[in-house]
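In what follows, a single structure is set out as structure tokens and then discussed.
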Amino acid sequence: MKRSILLAIADFYQMNQAKDILEKEIGDVKVDHVVDEQMAKEKISSRAYDLVVIHQHLPLDRKTPIKEEEKRGVGLSKWIDSRDNPLPVVQLVLPSDTEVRAAVAELPNCEVVIIEPSWEMSLMKQVRKVFAANPVKENKRLDVSIYIDLEKNLAEVDLKGVNLGFSFEKHALQIKGSNIIELSMNADRAVDRTDGKKWQNGLKKVGETLMQRIFEKNLDFYIGLRDLISKVGGLQNTRIRFIVGEKVHAVALESLFGHHEFQKKDYWMLHAPIYRTIQDCPGEEFPLFHQDDADMRGRPINVLIVESPTEGTIMLNGFEKHLGKLKNVATECRYLEDYLRTLKTTKQANIGDVELVSWTNRREPMKDRVRKSLEDGNRSWHVVHYAGHSYFDHRTQSGHVFFPGPRKTIESVKMDLLSLWLRKAKTRFIFLSSCHSSESGFVFAMARQHIPAIVGFRWDIDDDMAFQYTQEFYRELLAGKKRSLEYAFLNARKKIYAMYKDNPIWAAPVLVVQIPLH
């Protein structure tokens with residue numbers, strides 16, 4: 001497996017010396033380089049490195065000259081050592097600077113190379129020493145993709161193993177489409193969320209039925225799958241994706257309940273990321289943090305926050321639609337804005353532009369301000385967070401989001417138009433914190449508009465719960481151990497479940513991920 005090294009060296013001659021010797025002598029290695037402290041922190045926050053090589057003298061940024069008395073390279077080493085997951089560091093030190101050598105000696109993950117004749121060979125030896133002490137972990141993973149085709153009464157399972165040492169062929173499972181459709185038609189009735197803890201009994205029953213219809217009717221495969229799950233270390237190292245058509249949207253596929261290892265029976269969604277892909281609707285861009293998205297590699301993430309607390313009645317397609325009061329929308333959006341700016345200031349995540357479009361600024365209609373921000377060709381909005389009401393009309397198959405209009409009116413924007421704005425902004429991910437009017441039909445319809453990744457809620461939920469989930473999700477997404485939509489989605493669910501086991505909020509989120517064809 002290729003190693004990755006970051007060089008933080010301002011002197012281009014020394015940097016090229018280090019780069020040449022490492023690429024020539026170390027072998028399978030990728031070397032990145034930066035010339036100042038700010039760039040180094042951004043790279044380390046946004047990418048995975050096996051080692052960082054740092055010169056003791058660095059400027060703060062490209063506009064600032066080096067001030068040798070600041071010894072910023074040493075400060076950078078200390079910053080790396082203080083992180084939750086410190087990286088190995090090799091510090092390049094001038095021969096006469098005993099003070100720096102003493103400071104570096106106190107850092108448990110730092111080695112010293114003195115810049116003297118043949119220092120490049122000393123660097124190579126120290127790098128080999130660090131790599132020997134920190135062998136590459138060959139993490140095992142299992143990716144399970146389940147294609148459900150109700151027209152053919154067929155489900156196909158495609159298994160991909162990472163570091164398992166063997167491959168799999170696509171496996172056909174026999175299912176009864178009428179049973180799945182029945183589950184779809186009775187989805188809301190099966191999980192009555194108005195009756196305290198009883199809703200969990202309904203959800204569990206749906207999950208057990210799904211497990212039986214999809215897996216347990218194909219017992220040999222099910223036993224083999226559980227064995228593979230055990231071999232990769234459990235469901236936490238297994239990603240499960242349902243690739244489905246429109247007839248299956250209403251089914252709570254994420255609620256699978258049953259044995260996942262030989263002695264364990266539980267909701268699979270509390271242990272593995274379970275998400276969906278909508279058939280025949282590829283995304284126009286890669287989802288956020290996708291490994292194949294070369295355009296975003298190392299680039300800062302721009303986030304647009306839309307605060308839209310509409311309340312009242314609006315006519316849609318000849319019918320009145322009442323939108324209830326949203327108490328926490330402003331609190332949620334201001335929290336997210338402050339949190340993102342803190343991450344940016346402290347270099348804990350590679351955050352770029354952060355903009356809040358608020359209903360309180362009434363110089364022009366809010367929907368026009370949102371449109372202008374998204375259609376601004378000078379920058380992309382990689383993440384869009386919409387907090388407000390959304391609605392999907394199954395009769396007309398049309399979705400709507402809502403914005404405060406002039407004189408306490410409500411203005412709607414059709415989902416097709418919103419999706420067009422998002423595509424122009426090259427959005428990688430949209431979070432629909434649509435508290436009272438949210439449902440999965442809107443999420444799936446937006447995926448059909450080629451939006452790369454969407455999180456929304458399956459059921460109506462209280463907006464204070466939506467706010468709680470928002471906090472946990474973005475903490476996991478931007479400051480968690482894994483830069484992954486799927487694992488941020490899983491870990492936020494687990495944290496919310498631990499706090500609010502009897503509230504439907506932990507079971508309500510739905511993640512849809514659409515991969516582009518190119």
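By order in the structure tokens, chains are A, B, ...; within a chain, residues start at 1; ligands start at 1, following the order shown.
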
Q.
Applying 8 Å and only C-alpha atoms, which residues near region 362-366 of chain A remain after dropping the ones on its own chain fewer than 4 positions away? List them as number ranges by chain.
A. A: 357-358, 370, 403-406

Q: Please provide as a ChimeraX atom specification all residues within 9 Å of Lys19 (chain A), with the sequence filter that same-chain residues fewer than 3 positions apart are discarded (counting only C-alpha atoms).
A: /A:7,14-16,22-24,31-33

**Q.** Members of region 393-490 of chain A assigned strand (DSSP E or B) by DSSP, as a PyMOL selection string
**A.** chain A and resi 393+398-404+410-414+429-433+453-457

Q | Atomic distance CA of Arg379 (chain A) - CA of Asp292 (chain A), expressed in Å with one decimal | A |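 Pair CA of Arg379 (chain A) / CA of Asp292 (chain A) returns 21.0 Å.
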
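Closest approach to Asp338 (chain A) from the set A:Leu123, A:Val74, A:Ala447, A:Val354 is made by A:Val354, with distances taken over only C-alpha atoms.
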
So that I can see what lies close to region 257-274 of chain A, please list as a PDB file with N, CA and C atoms, in the first residue's frame the residues with an atom at most 8 Å from it, counting only C-alpha atoms and leaving out residues fewer than 6 positions away in the same chain.
ATOM      1  N   LYS A 204     -39.621  -2.551  14.461  1.00  0.00           N
ATOM      2  CA  LYS A 204     -38.941  -3.840  14.601  1.00  0.00           C
ATOM      3  C   LYS A 204     -39.631  -4.910  13.753  1.00  0.00           C
ATOM      4  N   GLY A 207     -38.634  -4.425  10.244  1.00  0.00           N
ATOM      5  CA  GLY A 207     -37.244  -4.859  10.073  1.00  0.00           C
ATOM      6  C   GLY A 207     -37.094  -6.369  10.040  1.00  0.00           C
ATOM      7  N   GLU A 208     -37.834  -7.050  10.894  1.00  0.00           N
ATOM      8  CA  GLU A 208     -37.777  -8.520  10.916  1.00  0.00           C
ATOM      9  C   GLU A 208     -38.382  -9.100   9.636  1.00  0.00           C
ATOM     10  N   LEU A 210     -38.493  -7.626   6.665  1.00  0.00           N
ATOM     11  CA  LEU A 210     -37.526  -7.385   5.588  1.00  0.00           C
ATOM     12  C   LEU A 210     -36.394  -8.399   5.635  1.00  0.00           C
ATOM     13  N   MET A 211     -35.882  -8.656   6.826  1.00  0.00           N
ATOM     14  CA  MET A 211     -34.788  -9.620   6.964  1.00  0.00           C
ATOM     15  C   MET A 211     -35.229 -10.982   6.454  1.00  0.00           C
ATOM     16  N   ARG A 226     -23.293 -13.591   6.990  1.00  0.00           N
ATOM     17  CA  ARG A 226     -22.951 -13.356   8.398  1.00  0.00           C
ATOM     18  C   ARG A 226     -21.532 -13.792   8.703  1.00  0.00           C
ATOM     19  N   ASP A 227     -21.095 -14.863   8.067  1.00  0.00           N
ATOM     20  CA  ASP A 227     -19.719 -15.314   8.261  1.00  0.00           C
ATOM     21  C   ASP A 227     -18.735 -14.277   7.729  1.00  0.00           C
ATOM     22  N   ILE A 229     -19.307 -11.053   7.429  1.00  0.00           N
ATOM     23  CA  ILE A 229     -19.385  -9.899   8.327  1.00  0.00           C
ATOM     24  C   ILE A 229     -18.496 -10.115   9.544  1.00  0.00           C
ATOM     25  N   SER A 230     -18.491 -11.326  10.066  1.00  0.00           N
ATOM     26  CA  SER A 230     -17.610 -11.635  11.202  1.00  0.00           C
ATOM     27  C   SER A 230     -16.143 -11.538  10.809  1.00  0.00           C
ATOM     28  N   GLY A 234     -17.145  -7.360  11.945  1.00  0.00           N
ATOM     29  CA  GLY A 234     -18.475  -6.939  12.345  1.00  0.00           C
ATOM     30  C   GLY A 234     -19.104  -5.951  11.367  1.00  0.00           C
ATOM     31  N   LEU A 235     -20.339  -5.589  11.679  1.00  0.00           N
ATOM     32  CA  LEU A 235     -21.082  -4.680  10.812  1.00  0.00           C
ATOM     33  C   LEU A 235     -20.451  -3.302  10.704  1.00  0.00           C
ATOM     34  N   GLN A 236     -19.660  -2.910  11.715  1.00  0.00           N
ATOM     35  CA  GLN A 236     -19.028  -1.587  11.651  1.00  0.00           C
ATOM     36  C   GLN A 236     -18.063  -1.481  10.479  1.00  0.00           C
ATOM     37  N   ASN A 237     -17.607  -2.605   9.950  1.00  0.00           N
ATOM     38  CA  ASN A 237     -16.731  -2.616   8.779  1.00  0.00           C
ATOM     39  C   ASN A 237     -17.469  -3.093   7.523  1.00  0.00           C
ATOM     40  N   THR A 238     -18.780  -2.949   7.555  1.00  0.00           N
ATOM     41  CA  THR A 238     -19.623  -3.369   6.436  1.00  0.00           C
ATOM     42  C   THR A 238     -20.498  -2.193   6.018  1.00  0.00           C
ATOM     43  N   ARG A 239     -20.500  -1.893   4.715  1.00  0.00           N
ATOM     44  CA  ARG A 239     -21.377  -0.843   4.189  1.00  0.00           C
ATOM     45  C   ARG A 239     -22.468  -1.509   3.358  1.00  0.00           C
ATOM     46  N   ILE A 240     -23.726  -1.127   3.611  1.00  0.00           N
ATOM     47  CA  ILE A 240     -24.861  -1.759   2.945  1.00  0.00           C
ATOM     48  C   ILE A 240     -25.612  -0.709   2.139  1.00  0.00           C
ATOM     49  N   ARG A 241     -25.708  -0.960   0.838  1.00  0.00           N
ATOM     50  CA  ARG A 241     -26.372  -0.010  -0.055  1.00  0.00           C
ATOM     51  C   ARG A 241     -27.520  -0.713  -0.764  1.00  0.00           C
ATOM     52  N   PHE A 242     -28.712  -0.128  -0.693  1.00  0.00           N
ATOM     53  CA  PHE A 242     -29.862  -0.614  -1.436  1.00  0.00           C
ATOM     54  C   PHE A 242     -29.989   0.183  -2.731  1.00  0.00           C
ATOM     55  N   GLU A 486     -21.143   8.315   4.721  1.00  0.00           N
ATOM     56  CA  GLU A 486     -21.809   7.129   5.229  1.00  0.00           C
ATOM     57  C   GLU A 486     -21.539   6.919   6.716  1.00  0.00           C
ATOM     58  N   TYR A 487     -20.278   7.123   7.128  1.00  0.00           N
ATOM     59  CA  TYR A 487     -19.955   6.877   8.530  1.00  0.00           C
ATOM     60  C   TYR A 487     -20.362   8.042   9.426  1.00  0.00           C
ATOM     61  N   PHE A 489     -23.128   9.596   8.916  1.00  0.00           N
ATOM     62  CA  PHE A 489     -24.550   9.248   9.010  1.00  0.00           C
ATOM     63  C   PHE A 489     -24.762   8.164  10.071  1.00  0.00           C
ATOM     64  N   LEU A 490     -23.941   7.126  10.040  1.00  0.00           N
ATOM     65  CA  LEU A 490     -24.049   6.042  11.019  1.00  0.00           C
ATOM     66  C   LEU A 490     -23.743   6.531  12.431  1.00  0.00           C
ATOM     67  N   ARG A 493     -26.348   8.683  14.003  1.00  0.00           N
ATOM     68  CA  ARG A 493     -27.494   7.865  14.406  1.00  0.00           C
ATOM     69  C   ARG A 493     -27.234   7.164  15.733  1.00  0.00           C
ATOM     70  N   LYS A 494     -26.049   6.587  15.884  1.00  0.00           N
ATOM     71  CA  LYS A 494     -25.712   5.869  17.112  1.00  0.00           C
ATOM     72  C   LYS A 494     -25.727   6.802  18.324  1.00  0.00           C
ATOM     73  N   LEU A 511     -30.282   8.513   4.028  1.00  0.00           N
ATOM     74  CA  LEU A 511     -29.160   8.980   3.202  1.00  0.00           C
ATOM     75  C   LEU A 511     -29.268   8.352   1.818  1.00  0.00           C
TER      76      LEU A 511
END

Q) Which value, in Å to one decimal, gives the distance between CA of Phe473 (chain A) and CA of Ala492 (chain A)? A) 5.0 Å

Q: Would you mind listing what lies within 10 Å of Leu326 (chain A) as an MDAnalysis selection string, with only C-alpha atoms counted and same-chain residues fewer than 6 positions away left out?
A: chainID A and resid 308:311 387:389 434:436 462:464

Could you write out that same residue set with C-alpha atoms as an mmCIF file, in the first residue's frame?
data_model
loop_
_atom_site.group_PDB
_atom_site.id
_atom_site.type_symbol
_atom_site.label_atom_id
_atom_site.label_comp_id
_atom_site.auth_asym_id
_atom_site.auth_seq_id
_atom_site.Cartn_x
_atom_site.Cartn_y
_atom_site.Cartn_z
ATOM 1 C CA SER A 308 -36.116 29.586 6.288
ATOM 2 C CA PRO A 309 -38.609 29.519 9.210
ATOM 3 C CA THR A 310 -41.889 29.775 7.251
ATOM 4 C CA GLU A 311 -45.223 29.624 9.080
ATOM 5 C CA ALA A 387 -33.524 24.393 7.496
ATOM 6 C CA GLY A 388 -37.221 24.951 6.908
ATOM 7 C CA HIS A 389 -40.301 23.234 5.519
ATOM 8 C CA SER A 434 -37.124 20.048 7.110
ATOM 9 C CA CYS A 435 -38.674 19.439 10.441
ATOM 10 C CA HIS A 436 -42.464 19.130 10.247
ATOM 11 C CA ASP A 462 -39.803 17.899 16.163
ATOM 12 C CA ASP A 463 -37.437 20.664 15.148
ATOM 13 C CA ASP A 464 -35.558 20.487 18.467
#

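Every residue of region 255-306 of chain A found in helix (DSSP H, G or I) when DSSP is run on the backbone appears here: Ser255, Trp268, Met269, Leu270, Ala294, Asp295 and Met296 of chain A.
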